[in-house]
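> Dropping in model_30.cif, with mmCIF, C-alpha atoms.
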```
data_upload
#
loop_
_atom_site.label_atom_id
_atom_site.label_comp_id
_atom_site.auth_asym_id
_atom_site.auth_seq_id
_atom_site.Cartn_x
_atom_site.Cartn_y
_atom_site.Cartn_z
CA MET A 28 0.00 0.00 0.00
CA ILE A 29 1.62 3.15 -1.24
CA GLU A 30 0.81 5.34 1.81
CA LEU A 31 2.52 2.93 4.20
CA VAL A 32 5.50 2.26 1.93
CA GLU A 33 6.09 5.98 1.47
CA ARG A 34 5.86 6.60 5.19
CA ILE A 35 8.42 3.88 5.90
CA ARG A 36 10.71 5.32 3.21
CA ARG A 37 10.43 8.75 4.81
CA GLU A 38 10.48 7.95 8.52
CA GLY A 39 11.45 4.31 9.03
CA ARG A 40 14.95 3.64 10.31
CA ASN A 41 17.06 0.56 9.79
CA LEU A 42 18.74 -0.05 13.15
CA GLY A 43 20.68 -3.08 11.94
CA ASN A 44 20.17 -6.77 12.76
CA GLY A 45 16.92 -6.67 10.81
CA ILE A 46 15.31 -4.21 13.22
CA LEU A 47 13.09 -1.63 11.55
CA LYS A 48 12.20 1.34 13.71
CA VAL A 49 8.74 2.68 12.94
CA ASP A 50 8.18 4.20 16.39
CA GLY A 51 7.05 7.50 14.92
CA PHE A 52 3.83 6.17 13.38
CA ILE A 53 3.21 2.56 14.50
CA ASN A 54 5.03 1.34 17.61
CA HIS A 55 5.19 4.17 20.14
CA GLN A 56 3.63 7.14 18.43
CA VAL A 57 0.66 6.11 16.27
CA ASP A 58 -0.79 7.99 13.30
CA PRO A 59 -4.52 7.22 13.58
CA ALA A 60 -5.29 8.35 10.02
CA LEU A 61 -2.63 6.09 8.53
CA MET A 62 -3.79 3.24 10.77
CA ASP A 63 -7.34 3.77 9.59
CA THR A 64 -6.29 3.62 5.94
CA CYS A 65 -4.31 0.43 6.61
CA GLY A 66 -7.26 -1.12 8.45
CA GLN A 67 -9.62 -0.31 5.62
CA GLU A 68 -7.27 -1.90 3.10
CA LEU A 69 -6.73 -5.07 5.16
CA ALA A 70 -10.48 -5.33 5.75
CA SER A 71 -11.16 -5.15 2.02
CA ARG A 72 -8.62 -7.89 1.28
CA PHE A 73 -10.23 -10.26 3.80
CA ALA A 74 -13.86 -9.22 3.41
CA ALA A 75 -14.88 -12.44 1.65
CA LEU A 76 -13.51 -14.87 4.23
CA GLY A 77 -16.42 -14.77 6.66
CA ALA A 78 -14.30 -14.01 9.71
CA THR A 79 -16.18 -13.72 13.00
CA LYS A 80 -13.34 -12.36 15.12
CA VAL A 81 -10.01 -10.57 14.78
CA LEU A 82 -7.17 -11.89 16.92
CA THR A 83 -3.91 -10.07 17.65
CA ALA A 84 -1.19 -9.87 20.29
CA GLU A 85 -0.61 -6.95 22.60
CA ILE A 86 0.92 -4.44 22.36
CA SER A 87 1.55 -3.13 18.90
CA GLY A 88 -0.93 -5.40 17.17
CA ILE A 89 -3.82 -3.65 18.90
CA ALA A 90 -3.95 -0.54 16.70
CA PRO A 91 -3.97 -2.29 13.29
CA ALA A 92 -6.31 -5.03 14.55
CA ILE A 93 -8.92 -2.54 15.77
CA ALA A 94 -8.61 -0.45 12.61
CA THR A 95 -9.25 -3.56 10.51
CA ALA A 96 -12.02 -4.94 12.70
CA ARG A 97 -13.89 -1.64 12.62
CA TYR A 98 -14.34 -1.99 8.87
CA LEU A 99 -15.34 -5.65 9.16
CA ASN A 100 -17.74 -4.98 12.07
CA LEU A 101 -16.01 -7.61 14.19
CA PRO A 102 -14.78 -7.76 17.77
CA VAL A 103 -11.04 -7.89 18.42
CA VAL A 104 -9.36 -10.12 20.97
CA TYR A 105 -5.81 -9.26 21.90
CA ALA A 106 -3.71 -11.98 23.49
CA ARG A 107 -2.25 -10.77 26.77
CA LYS A 108 1.39 -11.33 27.71
CA VAL A 109 0.71 -11.16 31.45
CA LYS A 110 -2.43 -12.78 32.84
CA PRO A 111 -4.56 -10.06 34.43
CA ILE A 112 -6.52 -10.74 37.61
CA THR A 113 -9.77 -10.36 35.70
CA MET A 114 -9.05 -13.51 33.68
CA PRO A 115 -10.32 -16.93 34.75
CA ASP A 116 -7.89 -19.48 36.19
CA GLN A 117 -8.14 -21.71 33.13
CA VAL A 118 -6.85 -20.03 29.98
CA PHE A 119 -5.34 -20.76 26.59
CA LEU A 120 -1.60 -20.09 26.82
CA THR A 121 1.28 -20.59 24.45
CA LEU A 122 4.88 -19.42 24.29
CA ALA A 123 6.44 -17.47 21.46
CA PRO A 124 9.94 -16.04 21.08
CA SER A 125 10.05 -12.24 21.12
CA HIS A 126 12.38 -10.64 18.60
CA THR A 127 12.64 -7.35 20.39
CA LYS A 128 12.85 -8.79 23.91
CA GLY A 129 15.28 -11.63 23.18
CA ARG A 130 13.30 -14.16 25.23
CA MET A 131 10.13 -16.24 25.20
CA VAL A 132 6.89 -14.45 26.01
CA GLU A 133 3.53 -15.89 26.95
CA LEU A 134 0.45 -15.31 24.78
CA ILE A 135 -2.72 -15.77 26.79
CA VAL A 136 -6.35 -15.74 25.69
CA SER A 137 -9.40 -16.28 27.85
CA PRO A 138 -11.74 -19.08 26.73
CA GLU A 139 -14.54 -16.57 27.34
CA TYR A 140 -13.70 -14.76 24.14
CA LEU A 141 -12.34 -17.40 21.79
CA GLY A 142 -14.30 -20.54 21.20
CA SER A 143 -14.98 -23.35 18.78
CA GLY A 144 -16.81 -22.31 15.67
CA GLU A 145 -15.13 -18.92 15.48
CA ARG A 146 -13.52 -17.94 12.17
CA VAL A 147 -10.43 -16.01 13.17
CA LEU A 148 -8.59 -13.36 11.18
CA ILE A 149 -5.14 -12.70 12.66
CA ILE A 150 -3.82 -9.14 12.32
CA ASP A 151 -0.44 -7.89 13.56
CA ASP A 152 1.95 -5.03 12.92
CA PHE A 153 4.87 -7.17 11.68
CA LEU A 154 5.30 -10.50 9.95
CA ALA A 155 8.95 -11.52 10.27
CA SER A 156 9.84 -15.08 11.29
CA GLY A 157 6.17 -15.75 11.93
CA ALA A 158 6.80 -16.94 15.48
CA THR A 159 4.28 -14.66 17.18
CA ILE A 160 1.64 -15.27 14.55
CA MET A 161 2.15 -19.04 14.72
CA GLY A 162 1.58 -18.67 18.46
CA LEU A 163 -1.74 -16.97 17.77
CA VAL A 164 -2.61 -19.74 15.30
CA ARG A 165 -1.95 -22.35 18.00
CA LEU A 166 -4.13 -20.46 20.49
CA ALA A 167 -6.99 -20.30 18.00
CA GLN A 168 -6.66 -23.97 17.12
CA THR A 169 -6.55 -24.97 20.79
CA ALA A 170 -9.79 -23.05 21.26
CA GLY A 171 -11.32 -25.07 18.45
CA ALA A 172 -11.51 -22.04 16.16
CA THR A 173 -10.54 -21.89 12.50
CA VAL A 174 -7.93 -19.39 11.34
CA VAL A 175 -9.02 -17.96 7.99
CA GLY A 176 -6.21 -15.53 7.20
CA VAL A 177 -3.28 -13.44 8.37
CA GLY A 178 -2.80 -9.75 7.66
CA THR A 179 0.08 -7.52 8.68
CA LEU A 180 1.16 -3.96 8.10
CA ILE A 181 4.80 -4.75 7.39
CA GLU A 182 6.34 -8.00 6.20
CA LYS A 183 10.04 -8.73 6.22
CA THR A 184 10.00 -11.29 3.44
CA PHE A 185 13.64 -12.24 4.08
CA GLU A 186 12.71 -13.77 7.45
CA GLY A 187 10.47 -16.46 5.99
CA GLY A 188 7.33 -16.20 8.12
CA ARG A 189 5.03 -16.26 5.10
CA GLY A 190 6.27 -19.73 4.17
CA LEU A 191 5.25 -21.15 7.55
CA LEU A 192 1.75 -19.71 7.27
CA GLU A 193 1.16 -20.62 3.64
CA ALA A 194 2.36 -24.16 4.40
CA ILE A 195 -0.67 -24.59 6.66
CA GLY A 196 -2.97 -23.14 4.02
CA LEU A 197 -3.41 -19.61 5.30
CA PRO A 198 -3.78 -16.65 2.95
CA VAL A 199 -1.32 -13.92 3.95
CA GLU A 200 -1.59 -10.23 3.14
CA SER A 201 0.89 -7.49 4.00
CA LEU A 202 0.72 -3.80 3.14
CA ALA A 203 4.45 -3.17 2.86
CA ALA A 204 6.87 -5.96 2.02
CA ILE A 205 10.56 -5.41 2.71
CA ARG A 206 12.89 -7.80 0.92
CA SER A 207 16.23 -6.64 2.31
CA MET A 208 17.64 -4.55 5.14
CA GLU A 209 21.29 -5.26 4.38
CA ASP A 210 23.91 -2.51 4.42
CA GLY A 211 21.59 -0.11 6.21
CA GLN A 212 19.12 -0.01 3.34
CA ILE A 213 15.37 -0.65 3.32
CA LEU A 214 14.49 -2.33 0.02
CA PHE A 215 10.85 -3.03 -0.80
CA ASP A 216 9.30 -5.71 -2.95
CA GLU A 217 7.75 -3.84 -5.84
CA MET B 3 -22.54 8.30 27.76
CA ILE B 4 -25.55 6.06 27.57
CA GLU B 5 -24.07 3.44 25.20
CA LEU B 6 -21.14 2.78 27.53
CA VAL B 7 -23.18 2.83 30.72
CA GLU B 8 -25.68 0.37 29.26
CA ARG B 9 -22.91 -1.93 28.11
CA ILE B 10 -21.33 -1.93 31.57
CA ARG B 11 -24.73 -2.63 33.13
CA ARG B 12 -25.21 -5.57 30.77
CA GLU B 13 -21.73 -7.10 30.62
CA GLY B 14 -19.54 -5.54 33.30
CA ARG B 15 -18.77 -7.66 36.33
CA ASN B 16 -17.94 -6.53 39.83
CA LEU B 17 -15.14 -8.87 40.98
CA GLY B 18 -14.88 -7.30 44.41
CA ASN B 19 -12.13 -5.07 45.85
CA GLY B 20 -13.18 -2.33 43.46
CA ILE B 21 -12.23 -4.37 40.40
CA LEU B 22 -14.58 -3.94 37.45
CA LYS B 23 -14.23 -6.56 34.73
CA VAL B 24 -14.95 -5.15 31.29
CA ASP B 25 -12.82 -7.69 29.43
CA GLY B 26 -15.60 -8.42 26.96
CA PHE B 27 -15.56 -5.00 25.29
CA ILE B 28 -12.57 -2.95 26.54
CA ASN B 29 -9.69 -4.81 28.17
CA HIS B 30 -9.17 -8.10 26.35
CA GLN B 31 -11.88 -8.25 23.75
CA VAL B 32 -12.56 -4.82 22.22
CA ASP B 33 -15.74 -3.66 20.51
CA PRO B 34 -14.40 -1.31 17.82
CA ALA B 35 -17.80 0.32 17.17
CA LEU B 36 -18.30 1.15 20.85
CA MET B 37 -14.72 2.40 21.06
CA ASP B 38 -15.33 4.60 18.04
CA THR B 39 -18.45 6.11 19.62
CA CYS B 40 -16.54 6.75 22.85
CA GLY B 41 -13.64 8.33 20.95
CA GLN B 42 -15.98 10.61 19.05
CA GLU B 43 -17.63 11.75 22.27
CA LEU B 44 -14.33 12.38 24.09
CA ALA B 45 -13.01 14.25 21.04
CA SER B 46 -16.05 16.52 21.01
CA ARG B 47 -15.66 17.33 24.71
CA PHE B 48 -12.02 18.36 24.24
CA ALA B 49 -12.23 19.85 20.76
CA ALA B 50 -11.76 23.44 21.95
CA LEU B 51 -8.58 22.87 23.97
CA GLY B 52 -6.10 23.05 21.09
CA ALA B 53 -4.40 19.76 21.93
CA THR B 54 -1.49 18.80 19.67
CA LYS B 55 -1.01 15.24 20.91
CA VAL B 56 -2.86 12.49 22.74
CA LEU B 57 -0.91 10.65 25.44
CA THR B 58 -1.89 7.34 27.01
CA ALA B 59 -0.32 4.32 28.69
CA GLU B 60 -0.09 0.87 27.20
CA ILE B 61 -1.93 -1.45 27.12
CA SER B 62 -5.59 -0.77 27.52
CA GLY B 63 -5.34 2.98 27.01
CA ILE B 64 -4.33 2.46 23.39
CA ALA B 65 -7.78 1.72 21.96
CA PRO B 66 -9.64 4.70 23.48
CA ALA B 67 -6.70 7.04 22.82
CA ILE B 68 -6.55 6.17 19.12
CA ALA B 69 -10.33 6.37 18.76
CA THR B 70 -10.27 9.87 20.30
CA ALA B 71 -7.23 11.06 18.39
CA ARG B 72 -8.70 9.98 15.07
CA TYR B 73 -11.54 12.47 15.52
CA LEU B 74 -9.14 15.22 16.63
CA ASN B 75 -6.66 14.50 13.80
CA LEU B 76 -3.83 14.12 16.29
CA PRO B 77 -1.02 11.61 16.79
CA VAL B 78 -1.12 9.34 19.83
CA VAL B 79 1.87 8.49 22.00
CA TYR B 80 1.52 5.53 24.29
CA ALA B 81 3.91 5.30 27.21
CA ARG B 82 5.69 1.95 27.21
CA LYS B 83 6.09 -0.16 30.35
CA VAL B 84 9.20 -1.92 29.06
CA LYS B 85 11.79 0.05 27.13
CA PRO B 86 12.05 -1.42 23.62
CA ILE B 87 15.38 -1.67 21.84
CA THR B 88 14.21 0.87 19.28
CA MET B 89 14.09 3.62 21.93
CA PRO B 90 17.06 5.94 22.54
CA ASP B 91 19.16 5.50 25.70
CA GLN B 92 17.89 8.73 27.22
CA VAL B 93 14.14 8.66 27.89
CA PHE B 94 11.46 10.16 30.11
CA LEU B 95 10.61 7.60 32.79
CA THR B 96 8.39 7.66 35.84
CA LEU B 97 6.97 5.06 38.19
CA ALA B 98 3.31 4.49 38.90
CA PRO B 99 1.58 1.90 41.06
CA SER B 100 -0.44 -0.65 39.09
CA HIS B 101 -3.80 -1.55 40.56
CA THR B 102 -4.14 -4.81 38.68
CA LYS B 103 -0.52 -5.88 39.06
CA GLY B 104 -0.03 -4.96 42.71
CA ARG B 105 3.37 -3.38 42.11
CA MET B 106 5.05 -0.31 40.63
CA VAL B 107 5.35 -0.18 36.86
CA GLU B 108 7.51 2.07 34.71
CA LEU B 109 5.99 4.51 32.24
CA ILE B 110 8.48 5.43 29.53
CA VAL B 111 8.22 7.95 26.69
CA SER B 112 10.86 8.76 24.13
CA PRO B 113 11.87 12.44 23.90
CA GLU B 114 11.55 11.99 20.14
CA TYR B 115 7.77 12.10 20.39
CA LEU B 116 7.01 14.35 23.34
CA GLY B 117 8.59 17.76 23.53
CA SER B 118 8.22 21.24 24.88
CA GLY B 119 5.44 23.24 23.34
CA GLU B 120 3.15 20.24 22.93
CA ARG B 121 -0.40 20.55 24.28
CA VAL B 122 -1.18 17.10 25.61
CA LEU B 123 -4.58 15.48 26.03
CA ILE B 124 -4.36 12.40 28.26
CA ILE B 125 -6.78 9.57 27.47
CA ASP B 126 -7.06 6.28 29.37
CA ASP B 127 -9.57 3.50 29.90
CA PHE B 128 -9.98 3.98 33.67
CA LEU B 129 -9.70 6.85 36.12
CA ALA B 130 -9.55 5.38 39.61
CA SER B 131 -6.97 6.64 42.11
CA GLY B 132 -5.41 8.69 39.33
CA ALA B 133 -1.97 7.20 39.91
CA THR B 134 -1.31 6.16 36.31
CA ILE B 135 -2.67 9.40 34.91
CA MET B 136 -0.60 11.46 37.35
CA GLY B 137 2.40 9.50 36.05
CA LEU B 138 1.52 10.57 32.52
CA VAL B 139 1.12 14.16 33.72
CA ARG B 140 4.64 14.03 35.21
CA LEU B 141 6.07 12.64 31.98
CA ALA B 142 4.47 15.42 29.95
CA GLN B 143 5.65 18.09 32.37
CA THR B 144 9.19 16.68 32.37
CA ALA B 145 9.13 16.92 28.58
CA GLY B 146 8.17 20.58 28.90
CA ALA B 147 4.73 19.95 27.48
CA THR B 148 1.44 21.33 28.82
CA VAL B 149 -1.34 18.95 29.81
CA VAL B 150 -4.65 20.41 28.70
CA GLY B 151 -7.13 17.77 29.84
CA VAL B 152 -7.84 14.20 30.92
CA GLY B 153 -10.49 11.94 29.42
CA THR B 154 -11.38 8.39 30.42
CA LEU B 155 -13.95 5.84 29.48
CA ILE B 156 -14.80 4.78 33.02
CA GLU B 157 -14.32 6.70 36.25
CA LYS B 158 -14.58 5.17 39.69
CA THR B 159 -15.49 8.35 41.52
CA PHE B 160 -15.14 6.66 44.92
CA GLU B 161 -11.36 6.33 44.41
CA GLY B 162 -10.71 10.06 44.27
CA GLY B 163 -8.52 10.43 41.18
CA ARG B 164 -10.53 13.34 39.84
CA GLY B 165 -9.67 15.42 42.89
CA LEU B 166 -5.92 15.06 42.25
CA LEU B 167 -6.30 16.16 38.64
CA GLU B 168 -8.68 19.03 39.26
CA ALA B 169 -6.38 20.26 42.03
CA ILE B 170 -3.73 20.95 39.39
CA GLY B 171 -6.26 22.68 37.16
CA LEU B 172 -7.02 19.93 34.68
CA PRO B 173 -10.47 19.49 33.15
CA VAL B 174 -11.57 15.86 33.54
CA GLU B 175 -14.18 14.05 31.45
CA SER B 176 -15.39 10.49 31.87
CA LEU B 177 -18.04 8.67 29.87
CA ALA B 178 -19.31 6.40 32.64
CA ALA B 179 -18.96 7.37 36.30
CA ILE B 180 -19.35 4.66 38.91
CA ARG B 181 -19.97 5.91 42.42
CA SER B 182 -20.07 2.62 44.30
CA MET B 183 -19.12 -1.02 43.87
CA GLU B 184 -20.04 -2.11 47.37
CA ASP B 185 -21.97 -5.31 48.04
CA GLY B 186 -21.37 -6.59 44.52
CA GLN B 187 -23.30 -3.78 42.92
CA ILE B 188 -22.30 -1.33 40.18
CA LEU B 189 -23.96 2.02 40.92
CA PHE B 190 -23.59 4.85 38.45
CA ASP B 191 -23.62 8.60 38.98
CA GLU B 192 -26.71 9.78 37.19
#
```
Kindly transcribe the structure held in the file into structure tokens.

Amino acid sequence: MIELVERIRREGRNLGNGILKVDGFINHQVDPALMDTCGQELASRFAALGATKVLTAEISGIAPAIATARYLNLPVVYARKVKPITMPDQVFLTLAPSHTKGRMVELIVSPEYLGSGERVLIIDDFLASGATIMGLVRLAQTAGATVVGVGTLIEKTFEGGRGLLEAIGLPVESLAAIRSMEDGQILFDE
Amino acid sequence: MIELVERIRREGRNLGNGILKVDGFINHQVDPALMDTCGQELASRFAALGATKVLTAEISGIAPAIATARYLNLPVVYARKVKPITMPDQVFLTLAPSHTKGRMVELIVSPEYLGSGERVLIIDDFLASGATIMGLVRLAQTAGATVVGVGTLIEKTFEGGRGLLEAIGLPVESLAAIRSMEDGQILFDE
């Protein structure tokens, strides 16, 4: 999507080691208008799949997931990384490695809000190795739900996450696909 | 706001010790349409204040802050609780007690996105004791910014946070004000 690609070209920073800093409009400061445009575009790409719920992971998945879900008229569930006291004792929990934290994190969803029969659209900010999103897939499957697709704002195609998801039959959409971050550059798939 | 009050009456649960569970539409599962209505209402109440930025705290402040900021055409900054590797070494950091975690948490904002001259509107999901919001006020003041108002979805008036904020001259708006949660009830200010 041209608006997102242009914004990354202008304001994104390659910090090395495959880390793309987009803190000025996605990950710390958020541009609600850009997020809205991204959500509308992701919603249109998945409109035909009959999703009943959008699933994401806190923290930075929340903004794109809500923007998308608003256009699909669906509720969003965001997996928590720390179990809050308002959650029941019995939950769905899986572990996923965190790129930016350098350790495993928990992804926790309450059975109250994710059940069998749901058709789940997964939305996140980044698709890189696919580890977090595969964690969300496992949570949905454990709940007896069906994952119908995966949408992300930014994909780092050189990290291979798409392959994992397509191998289990999931359609994958990303709005900005980066094919290389070598030598300090940010090169997009055209 | 009647839509929010009615939703809390229908689906909110009083877990005791002043804890209101609204995980079905705000804190774990989010209803994007309700959030949009709340954001529009908060935006209209603060439209005249000339805010240049919306400030909130991750995690559950993000949804109402973005919904409000979208109607005000402003960027949102959400204070992080763990410093990500994309943030500079020198940051604004304060400590605030967390109700639901039973310990102090850090609130961290990068100087890149909060500076002197900004007029900051603080938006959060809950106003209770005001501890988190006072933390955000301190961060904004440390950055040399001016806080112009505080808006929340739900206020627990019996916890006294409003008094702290009004004492430093801040206008406070909440969309659902709960005056008592004793004996398992949820009683609203009418």
> May I have chain B as a compact mmCIF listing (two decimals) with C-alpha atoms, keeping the file's coordinate frame, after a least-squares superposition on chain A that uses all C-alpha atoms paired in order?

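Here's the written file selection12.txt:
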```txt
# COMPACT_ATOMS: atom_id res chain seq x y z
CA MET B 3 0.01 -0.01 0.00
CA ILE B 4 1.61 3.15 -1.23
CA GLU B 5 0.79 5.34 1.81
CA LEU B 6 2.53 2.93 4.18
CA VAL B 7 5.50 2.26 1.94
CA GLU B 8 6.08 5.99 1.46
CA ARG B 9 5.86 6.61 5.18
CA ILE B 10 8.42 3.88 5.90
CA ARG B 11 10.70 5.32 3.22
CA ARG B 12 10.43 8.75 4.81
CA GLU B 13 10.48 7.95 8.53
CA GLY B 14 11.45 4.32 9.04
CA ARG B 15 14.94 3.63 10.31
CA ASN B 16 17.06 0.56 9.79
CA LEU B 17 18.74 -0.06 13.17
CA GLY B 18 20.68 -3.07 11.95
CA ASN B 19 20.16 -6.77 12.76
CA GLY B 20 16.91 -6.68 10.81
CA ILE B 21 15.31 -4.21 13.22
CA LEU B 22 13.09 -1.63 11.55
CA LYS B 23 12.19 1.35 13.72
CA VAL B 24 8.74 2.69 12.94
CA ASP B 25 8.17 4.20 16.39
CA GLY B 26 7.05 7.50 14.91
CA PHE B 27 3.83 6.17 13.37
CA ILE B 28 3.20 2.56 14.51
CA ASN B 29 5.01 1.34 17.61
CA HIS B 30 5.19 4.17 20.13
CA GLN B 31 3.63 7.13 18.42
CA VAL B 32 0.65 6.11 16.26
CA ASP B 33 -0.79 7.99 13.31
CA PRO B 34 -4.52 7.21 13.59
CA ALA B 35 -5.30 8.34 10.02
CA LEU B 36 -2.62 6.08 8.53
CA MET B 37 -3.78 3.23 10.77
CA ASP B 38 -7.34 3.77 9.58
CA THR B 39 -6.27 3.62 5.93
CA CYS B 40 -4.31 0.43 6.61
CA GLY B 41 -7.26 -1.12 8.46
CA GLN B 42 -9.61 -0.31 5.62
CA GLU B 43 -7.27 -1.90 3.10
CA LEU B 44 -6.72 -5.07 5.16
CA ALA B 45 -10.48 -5.33 5.75
CA SER B 46 -11.16 -5.15 2.02
CA ARG B 47 -8.62 -7.89 1.28
CA PHE B 48 -10.23 -10.26 3.80
CA ALA B 49 -13.86 -9.22 3.41
CA ALA B 50 -14.89 -12.44 1.64
CA LEU B 51 -13.51 -14.87 4.23
CA GLY B 52 -16.44 -14.76 6.66
CA ALA B 53 -14.29 -14.00 9.70
CA THR B 54 -16.17 -13.72 13.00
CA LYS B 55 -13.33 -12.35 15.11
CA VAL B 56 -10.01 -10.57 14.77
CA LEU B 57 -7.16 -11.89 16.92
CA THR B 58 -3.91 -10.08 17.64
CA ALA B 59 -1.19 -9.88 20.29
CA GLU B 60 -0.61 -6.96 22.60
CA ILE B 61 0.91 -4.43 22.36
CA SER B 62 1.55 -3.12 18.91
CA GLY B 63 -0.93 -5.41 17.17
CA ILE B 64 -3.81 -3.65 18.89
CA ALA B 65 -3.96 -0.54 16.70
CA PRO B 66 -3.96 -2.29 13.29
CA ALA B 67 -6.31 -5.03 14.55
CA ILE B 68 -8.91 -2.54 15.78
CA ALA B 69 -8.62 -0.44 12.62
CA THR B 70 -9.24 -3.57 10.51
CA ALA B 71 -12.01 -4.94 12.69
CA ARG B 72 -13.89 -1.65 12.62
CA TYR B 73 -14.34 -1.98 8.86
CA LEU B 74 -15.34 -5.65 9.16
CA ASN B 75 -17.74 -4.98 12.07
CA LEU B 76 -16.01 -7.61 14.18
CA PRO B 77 -14.77 -7.76 17.77
CA VAL B 78 -11.03 -7.89 18.41
CA VAL B 79 -9.34 -10.12 20.96
CA TYR B 80 -5.80 -9.26 21.89
CA ALA B 81 -3.72 -11.98 23.49
CA ARG B 82 -2.25 -10.77 26.77
CA LYS B 83 1.40 -11.33 27.71
CA VAL B 84 0.71 -11.16 31.45
CA LYS B 85 -2.42 -12.78 32.83
CA PRO B 86 -4.57 -10.06 34.44
CA ILE B 87 -6.51 -10.73 37.62
CA THR B 88 -9.77 -10.35 35.71
CA MET B 89 -9.04 -13.50 33.67
CA PRO B 90 -10.33 -16.93 34.75
CA ASP B 91 -7.88 -19.48 36.19
CA GLN B 92 -8.13 -21.71 33.13
CA VAL B 93 -6.85 -20.02 29.97
CA PHE B 94 -5.33 -20.75 26.58
CA LEU B 95 -1.60 -20.09 26.81
CA THR B 96 1.29 -20.59 24.44
CA LEU B 97 4.89 -19.42 24.28
CA ALA B 98 6.45 -17.47 21.46
CA PRO B 99 9.94 -16.04 21.07
CA SER B 100 10.06 -12.24 21.13
CA HIS B 101 12.37 -10.65 18.60
CA THR B 102 12.64 -7.34 20.41
CA LYS B 103 12.86 -8.80 23.90
CA GLY B 104 15.28 -11.64 23.19
CA ARG B 105 13.31 -14.16 25.23
CA MET B 106 10.13 -16.24 25.20
CA VAL B 107 6.90 -14.44 26.01
CA GLU B 108 3.53 -15.89 26.94
CA LEU B 109 0.46 -15.31 24.78
CA ILE B 110 -2.72 -15.78 26.79
CA VAL B 111 -6.36 -15.73 25.69
CA SER B 112 -9.39 -16.28 27.85
CA PRO B 113 -11.75 -19.08 26.73
CA GLU B 114 -14.54 -16.58 27.34
CA TYR B 115 -13.69 -14.75 24.13
CA LEU B 116 -12.33 -17.40 21.79
CA GLY B 117 -14.30 -20.55 21.21
CA SER B 118 -14.99 -23.34 18.79
CA GLY B 119 -16.82 -22.30 15.68
CA GLU B 120 -15.12 -18.91 15.49
CA ARG B 121 -13.52 -17.93 12.17
CA VAL B 122 -10.43 -16.01 13.17
CA LEU B 123 -8.59 -13.36 11.18
CA ILE B 124 -5.14 -12.70 12.66
CA ILE B 125 -3.82 -9.14 12.33
CA ASP B 126 -0.44 -7.89 13.56
CA ASP B 127 1.95 -5.04 12.92
CA PHE B 128 4.87 -7.17 11.68
CA LEU B 129 5.30 -10.50 9.94
CA ALA B 130 8.93 -11.53 10.27
CA SER B 131 9.84 -15.08 11.29
CA GLY B 132 6.16 -15.74 11.93
CA ALA B 133 6.80 -16.94 15.47
CA THR B 134 4.28 -14.67 17.19
CA ILE B 135 1.64 -15.27 14.55
CA MET B 136 2.16 -19.04 14.72
CA GLY B 137 1.58 -18.68 18.47
CA LEU B 138 -1.73 -16.98 17.77
CA VAL B 139 -2.60 -19.74 15.29
CA ARG B 140 -1.95 -22.35 18.00
CA LEU B 141 -4.13 -20.47 20.48
CA ALA B 142 -7.00 -20.31 18.00
CA GLN B 143 -6.66 -23.98 17.11
CA THR B 144 -6.55 -24.97 20.79
CA ALA B 145 -9.79 -23.04 21.25
CA GLY B 146 -11.32 -25.06 18.43
CA ALA B 147 -11.51 -22.04 16.18
CA THR B 148 -10.54 -21.89 12.49
CA VAL B 149 -7.94 -19.39 11.33
CA VAL B 150 -9.02 -17.96 8.00
CA GLY B 151 -6.21 -15.54 7.20
CA VAL B 152 -3.27 -13.43 8.37
CA GLY B 153 -2.80 -9.74 7.66
CA THR B 154 0.09 -7.51 8.69
CA LEU B 155 1.16 -3.97 8.11
CA ILE B 156 4.80 -4.75 7.39
CA GLU B 157 6.34 -8.00 6.20
CA LYS B 158 10.04 -8.73 6.23
CA THR B 159 10.01 -11.29 3.45
CA PHE B 160 13.65 -12.23 4.08
CA GLU B 161 12.71 -13.77 7.46
CA GLY B 162 10.47 -16.45 5.99
CA GLY B 163 7.32 -16.19 8.12
CA ARG B 164 5.03 -16.27 5.11
CA GLY B 165 6.26 -19.73 4.17
CA LEU B 166 5.24 -21.16 7.56
CA LEU B 167 1.75 -19.71 7.27
CA GLU B 168 1.16 -20.63 3.65
CA ALA B 169 2.35 -24.16 4.40
CA ILE B 170 -0.68 -24.60 6.66
CA GLY B 171 -2.98 -23.15 4.01
CA LEU B 172 -3.40 -19.62 5.30
CA PRO B 173 -3.79 -16.65 2.96
CA VAL B 174 -1.32 -13.92 3.95
CA GLU B 175 -1.58 -10.22 3.14
CA SER B 176 0.90 -7.50 4.00
CA LEU B 177 0.72 -3.81 3.15
CA ALA B 178 4.45 -3.17 2.86
CA ALA B 179 6.88 -5.96 2.01
CA ILE B 180 10.55 -5.42 2.71
CA ARG B 181 12.89 -7.80 0.93
CA SER B 182 16.22 -6.63 2.32
CA MET B 183 17.64 -4.56 5.14
CA GLU B 184 21.28 -5.26 4.39
CA ASP B 185 23.91 -2.52 4.42
CA GLY B 186 21.58 -0.10 6.20
CA GLN B 187 19.12 -0.02 3.36
CA ILE B 188 15.36 -0.65 3.32
CA LEU B 189 14.48 -2.33 0.01
CA PHE B 190 10.86 -3.01 -0.80
CA ASP B 191 9.28 -5.71 -2.95
CA GLU B 192 7.75 -3.84 -5.83
```
> At a cut-off of 7 Å, using only C-alpha atoms, what residues contact A:Thr121? Leave out same-chain residues fewer than 2 positions from it and give the result as a PyMOL selection string.
chain A and resi 119+123+133-135+162+166
> Atom CA of B:Leu138 and atom CA of A:His126 are how many Å apart?
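Computing the Euclidean distance for atom CA of B:Leu138 and atom CA of A:His126 yields 27.6 Å.
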> Would you compute the box with edges along x, y and z of the file around stretch 92-107 of chain B, including every atom the file lists for it and 8 Å extra on each side, and give its centre and edge lengths in Å to one decimal, as AutoDock Vina command-line options?

```
--center_x 6.9 --center_y 2.1 --center_z 35.0 --size_x 38.0 --size_y 32.0 --size_z 31.5
```
